[in-house]
$ cat target.txt   # compact mmCIF, C-alpha atoms
# COMPACT_ATOMS: atom_id res chain seq x y z
CA MET A 430 37.03 24.17 27.49
CA GLU A 431 38.00 26.16 24.42
CA LYS A 432 40.56 24.51 22.14
CA MET A 433 43.35 26.95 23.00
CA GLU A 434 42.71 26.57 26.72
CA ILE A 435 43.11 22.80 26.35
CA VAL A 436 46.38 23.34 24.45
CA ARG A 437 47.72 25.62 27.16
CA LYS A 438 46.74 23.27 29.95
CA TYR A 439 48.31 20.33 28.12
CA ILE A 440 51.59 22.18 27.62
CA GLU A 441 51.62 23.23 31.29
CA ARG A 442 51.09 19.62 32.35
CA ILE A 443 53.91 18.18 30.26
CA MET A 444 56.25 21.04 31.28
CA ASN A 445 55.63 20.23 34.95
CA ALA A 446 55.51 16.45 34.63
CA PRO A 447 57.36 14.45 37.32
CA LEU A 448 59.34 12.79 34.54
CA ASN A 449 61.41 14.69 32.01
CA LEU A 450 59.06 15.06 29.02
CA VAL A 451 60.20 18.42 27.66
CA GLY A 452 63.17 20.64 28.38
CA TYR A 453 61.36 23.98 28.53
CA LYS A 454 60.82 26.00 31.72
CA ASP A 455 59.39 29.15 30.13
CA PHE A 456 55.79 28.74 28.96
CA GLU A 457 55.99 31.07 25.94
CA GLU A 458 59.10 29.29 24.71
CA ALA A 459 57.43 25.92 25.22
CA PHE A 460 54.29 27.14 23.42
CA ALA A 461 56.36 28.25 20.42
CA TYR A 462 58.53 25.15 20.11
CA LEU A 463 55.86 22.60 21.01
CA TYR A 464 52.50 23.88 19.80
CA SER A 465 53.41 26.39 17.06
CA ASP A 466 56.17 24.18 15.66
CA SER A 467 53.73 21.24 15.55
CA VAL A 468 50.74 22.89 13.88
CA LEU A 469 52.17 25.70 11.74
CA PRO A 470 53.29 23.62 8.72
CA ILE A 471 50.36 21.18 8.81
CA ARG A 472 47.31 21.54 6.57
CA SER A 473 43.88 20.24 7.49
CA ASP A 474 43.93 17.49 4.85
CA ASP A 475 47.40 16.14 5.75
CA LEU A 476 46.35 13.85 8.58
CA GLY A 477 43.29 12.11 7.16
CA GLU A 478 40.86 10.64 9.69
CA ARG A 479 43.44 8.76 11.76
CA PHE A 480 47.19 9.11 12.01
CA ILE A 481 50.04 7.59 14.00
CA ASP A 482 52.68 9.53 15.93
CA VAL A 483 55.89 7.50 16.24
CA GLY A 484 58.26 8.07 19.16
CA SER A 485 55.70 10.41 20.65
CA GLY A 486 57.34 10.98 24.05
CA GLY A 487 55.30 13.72 25.70
CA GLY A 488 52.69 13.62 22.94
CA VAL A 489 54.43 16.07 20.63
CA PRO A 490 53.34 16.58 17.93
CA GLY A 491 50.58 13.95 18.08
CA VAL A 492 48.38 15.26 20.89
CA LEU A 493 48.70 18.88 19.78
CA LEU A 494 47.80 18.02 16.19
CA SER A 495 44.86 15.96 17.39
CA ILE A 496 43.55 18.89 19.44
CA GLU A 497 44.12 21.40 16.65
CA PHE A 498 42.58 19.41 13.79
CA GLY A 499 40.21 17.08 15.65
CA ARG A 500 41.77 13.94 14.17
CA ARG A 501 42.17 10.58 15.88
CA VAL A 502 45.74 9.57 16.67
CA LEU A 503 47.63 6.57 17.99
CA LEU A 504 50.70 7.63 19.97
CA ILE A 505 53.45 5.04 20.35
CA ASP A 506 56.60 5.21 22.44
CA SER A 507 58.83 2.61 24.05
CA ILE A 508 58.90 4.39 27.44
CA CYS A 509 55.75 3.30 29.25
CA LYS A 510 55.87 6.02 31.93
CA LYS A 511 55.63 8.69 29.23
CA MET A 512 52.65 7.04 27.58
CA ASP A 513 50.94 6.53 30.94
CA PHE A 514 51.36 10.21 31.81
CA VAL A 515 50.09 11.37 28.43
CA LYS A 516 47.10 9.02 28.62
CA GLN A 517 46.16 10.25 32.10
CA THR A 518 46.61 13.91 31.10
CA CYS A 519 44.43 13.52 28.00
CA SER A 520 41.76 11.83 30.09
CA GLU A 521 41.80 14.62 32.68
CA LEU A 522 41.54 17.31 29.99
CA GLY A 523 38.78 15.53 28.10
CA ILE A 524 40.87 14.86 24.98
CA ASP A 525 39.09 11.79 23.61
CA THR A 526 40.73 11.55 20.18
CA VAL A 527 44.04 10.20 21.52
CA GLU A 528 45.01 6.55 21.98
CA THR A 529 48.36 5.58 23.51
CA MET A 530 50.41 2.43 23.33
CA CYS A 531 53.74 1.54 24.94
CA VAL A 532 55.47 -0.28 22.10
CA ARG A 533 58.45 0.17 19.82
CA ALA A 534 57.64 0.98 16.20
CA GLU A 535 59.51 -2.17 15.14
CA GLU A 536 57.10 -4.30 17.19
CA LEU A 537 53.77 -2.59 16.45
CA LYS A 538 53.01 -4.78 13.43
CA ASN A 539 53.28 -7.84 15.69
CA VAL A 540 50.79 -6.68 18.34
CA GLY A 541 47.80 -5.84 16.14
CA ASP A 542 46.45 -5.10 12.69
CA TYR A 543 48.32 -1.85 12.07
CA PHE A 544 50.23 -2.52 8.83
CA GLU A 545 49.26 0.15 6.26
CA LYS A 546 46.19 1.12 8.32
CA PHE A 547 46.82 4.86 8.95
CA ASP A 548 46.13 7.86 6.73
CA ALA A 549 49.34 9.56 7.87
CA ALA A 550 52.31 9.27 10.20
CA THR A 551 54.19 11.97 12.10
CA ALA A 552 57.53 11.98 13.90
CA HIS A 553 59.56 14.70 15.58
CA ALA A 554 63.22 14.34 16.59
CA VAL A 555 63.11 10.54 16.51
CA SER A 556 66.13 9.55 14.41
CA LYS A 557 67.95 10.11 11.14
CA LEU A 558 65.76 10.12 8.05
CA PRO A 559 66.38 6.60 6.64
CA THR A 560 65.62 5.12 10.06
CA VAL A 561 62.49 7.11 10.79
CA LEU A 562 61.14 6.40 7.30
CA GLU A 563 61.45 2.67 7.99
CA LEU A 564 59.65 3.11 11.32
CA THR A 565 56.73 5.04 9.82
CA ALA A 566 56.14 4.00 6.18
CA PRO A 567 54.93 0.44 6.92
CA TYR A 568 51.98 1.77 8.89
CA VAL A 569 50.72 4.29 6.30
CA ARG A 570 48.22 3.28 3.62
CA ILE A 571 48.96 3.76 -0.08
CA GLY A 572 48.12 7.38 -0.89
CA GLY A 573 48.78 8.46 2.70
CA LYS A 574 51.43 10.86 3.97
CA ILE A 575 54.48 10.78 6.23
CA LEU A 576 55.12 14.16 7.88
CA LEU A 577 58.58 14.62 9.36
CA TYR A 578 59.83 17.73 11.17
CA LYS A 579 63.45 18.65 10.45
CA GLY A 580 66.01 21.39 10.95
CA PRO A 581 68.31 22.97 8.34
CA GLY A 582 70.55 19.89 8.02
CA TYR A 583 67.88 17.71 6.44
CA ASN A 584 69.39 17.77 2.93
CA GLU A 585 72.28 15.48 3.80
CA GLU A 586 69.90 13.00 5.45
CA LEU A 587 67.68 13.15 2.39
CA GLY A 588 70.62 12.24 0.17
CA HIS A 589 71.15 9.10 2.26
CA SER A 590 67.46 8.15 2.00
CA ILE A 591 67.03 7.61 -1.76
CA ASN A 592 67.24 3.83 -1.62
CA ALA A 593 65.12 3.69 1.52
CA MET A 594 62.37 5.66 -0.20
CA LYS A 595 62.38 3.29 -3.19
CA GLU A 596 62.39 0.21 -0.98
CA LEU A 597 59.60 1.46 1.29
CA GLY A 598 57.33 2.69 -1.53
CA ILE A 599 57.40 6.40 -0.78
CA LYS A 600 58.46 9.62 -2.46
CA LEU A 601 59.17 13.15 -1.23
CA SER A 602 56.27 15.23 -2.50
CA GLU A 603 56.89 18.56 -0.77
CA THR A 604 59.20 20.47 1.57
CA ARG A 605 57.53 23.20 3.61
CA ASN A 606 59.71 25.94 5.00
CA TYR A 607 58.58 27.92 8.04
CA SER A 608 60.09 29.81 10.94
CA ILE A 609 59.79 29.54 14.74
CA ARG A 610 61.23 32.48 16.66
CA GLY A 611 63.54 33.28 13.76
CA LYS A 612 64.80 29.71 13.38
CA ASN A 613 64.28 27.95 10.06
CA ARG A 614 62.25 24.76 10.26
CA TYR A 615 61.19 22.30 7.59
CA LEU A 616 58.39 19.79 7.22
CA LEU A 617 59.21 16.98 4.82
CA VAL A 618 56.03 15.57 3.27
CA PHE A 619 56.33 12.07 1.83
CA GLU A 620 53.62 10.30 -0.12
CA LYS A 621 53.06 6.54 0.01
CA THR A 622 52.93 5.42 -3.62
CA HIS A 623 53.40 1.64 -3.33
CA SER A 624 52.91 -1.01 -0.69
CA THR A 625 55.82 -1.51 1.71
CA PRO A 626 57.29 -5.04 1.85
CA ARG A 627 55.98 -6.89 4.89
CA LYS A 628 59.47 -7.43 6.30
CA TYR A 629 59.58 -3.75 7.35
CA PRO A 630 60.16 -2.44 9.88
CA ARG A 631 62.90 -4.89 10.72
CA LYS A 632 63.56 -6.18 14.25
CA THR A 633 64.20 -3.82 17.14
CA GLY A 634 67.39 -1.80 16.78
CA ILE A 635 68.21 -2.82 13.22
CA PRO A 636 66.71 0.26 11.49
CA GLU A 637 68.90 2.45 13.72
CA LYS A 638 72.10 0.39 13.49
CA ASN A 639 71.79 -0.61 9.86
CA PRO A 640 69.59 1.84 7.89
CA ILE A 641 68.41 0.84 4.42
CA LYS A 642 71.15 1.75 1.94
$ encode --input "target.txt" --output "structure tokens"
Amino acid sequence: MEKMEIVRKYIERIMNAPLNLVGYKDFEEAFAYLYSDSVLPIRSDDLGERFIDVGSGGGVPGVLLSIEFGRRVLLIDSICKKMDFVKQTCSELGIDTVETMCVRAEELKNVGDYFEKFDAATAHAVSKLPTVLELTAPYVRIGGKILLYKGPGYNEELGHSINAMKELGIKLSETRNYSIRGKNRYLLVFEKTHSTPRKYPRKTGIPEKNPIK
């Protein structure tokens, strides 16, 4: 299949999944807010050879980025039914660059050798910025990138993330502004400059309840 045909089939599958993966009923709307929103701000060198998609849900943006750029990805999510569906769908469509795991980001470092092993991390609509930085930064190598999709209110979250960035060994290197159907969107690009202390991410629920301040 051609790349775009695979993308379309994947979006159709997750739209019509027996579990609630995405909230779109109109295909063109889903294509814009799932595929276009995922790939538009990303450059070919952002993802490296292998990246991790945290809180992947229906595989957005991880699967779509993997199809678009041909990069290997590990998708993680705490809801096993979602990961099972995505795994089966990728298998049926011949998408062989995607690996899935049902695990919380806080627990990933305890189930395998994943600490600072990825070239990049992505996350879409997972949590507030200080929390999602704690859930992604520990798994990205020094020199790698963290790519976070945000709406117009990101500035306030960024202001609350200064200490988290210092503690986790990352810095904001770029903000990319783009538009989907007339709505302003932003990709925050963080660079990993120093090693993250091994205590991060903290135990399940703590990054959400008590973000780094």
$ residues_around --input "target.txt" --residues "Ile524 (chain A)" --least-positions-apart "3" --cutoff "9 Å" --atoms "all atoms listed in the file" --output "number ranges by chain"
A: 435, 492, 495-496, 518-521, 527
$ residues_around --input "target.txt" --residues "region 472-477 of chain A" --least-positions-apart "6" --cutoff "7 Å" --atoms "only C-alpha atoms" --output "list of chain:residue names"
A:Phe498, A:Asp548, A:Ala549, A:Lys574
$ atom_distance --input "target.txt" --atom1 "CA of Leu448 (chain A)" --atom2 "CA of Lys432 (chain A)"
25.4 Å
$ closest_residue --input "target.txt" --among "A:Ser485, A:Gln517, A:Ser507, A:Asn639" --to "Tyr439 (chain A)" --atoms "all atoms listed in the file"
A:Gln517
$ atom_distance --input "target.txt" --atom1 "CA of His589 (chain A)" --atom2 "CA of Glu563 (chain A)"
13.0 Å
$ residues_around --input "target.txt" --residues "region 508-512 of chain A" --least-positions-apart "5" --cutoff "7 Å" --atoms "all atoms listed in the file" --output "ChimeraX atom specification"
/A:486-487,529-531
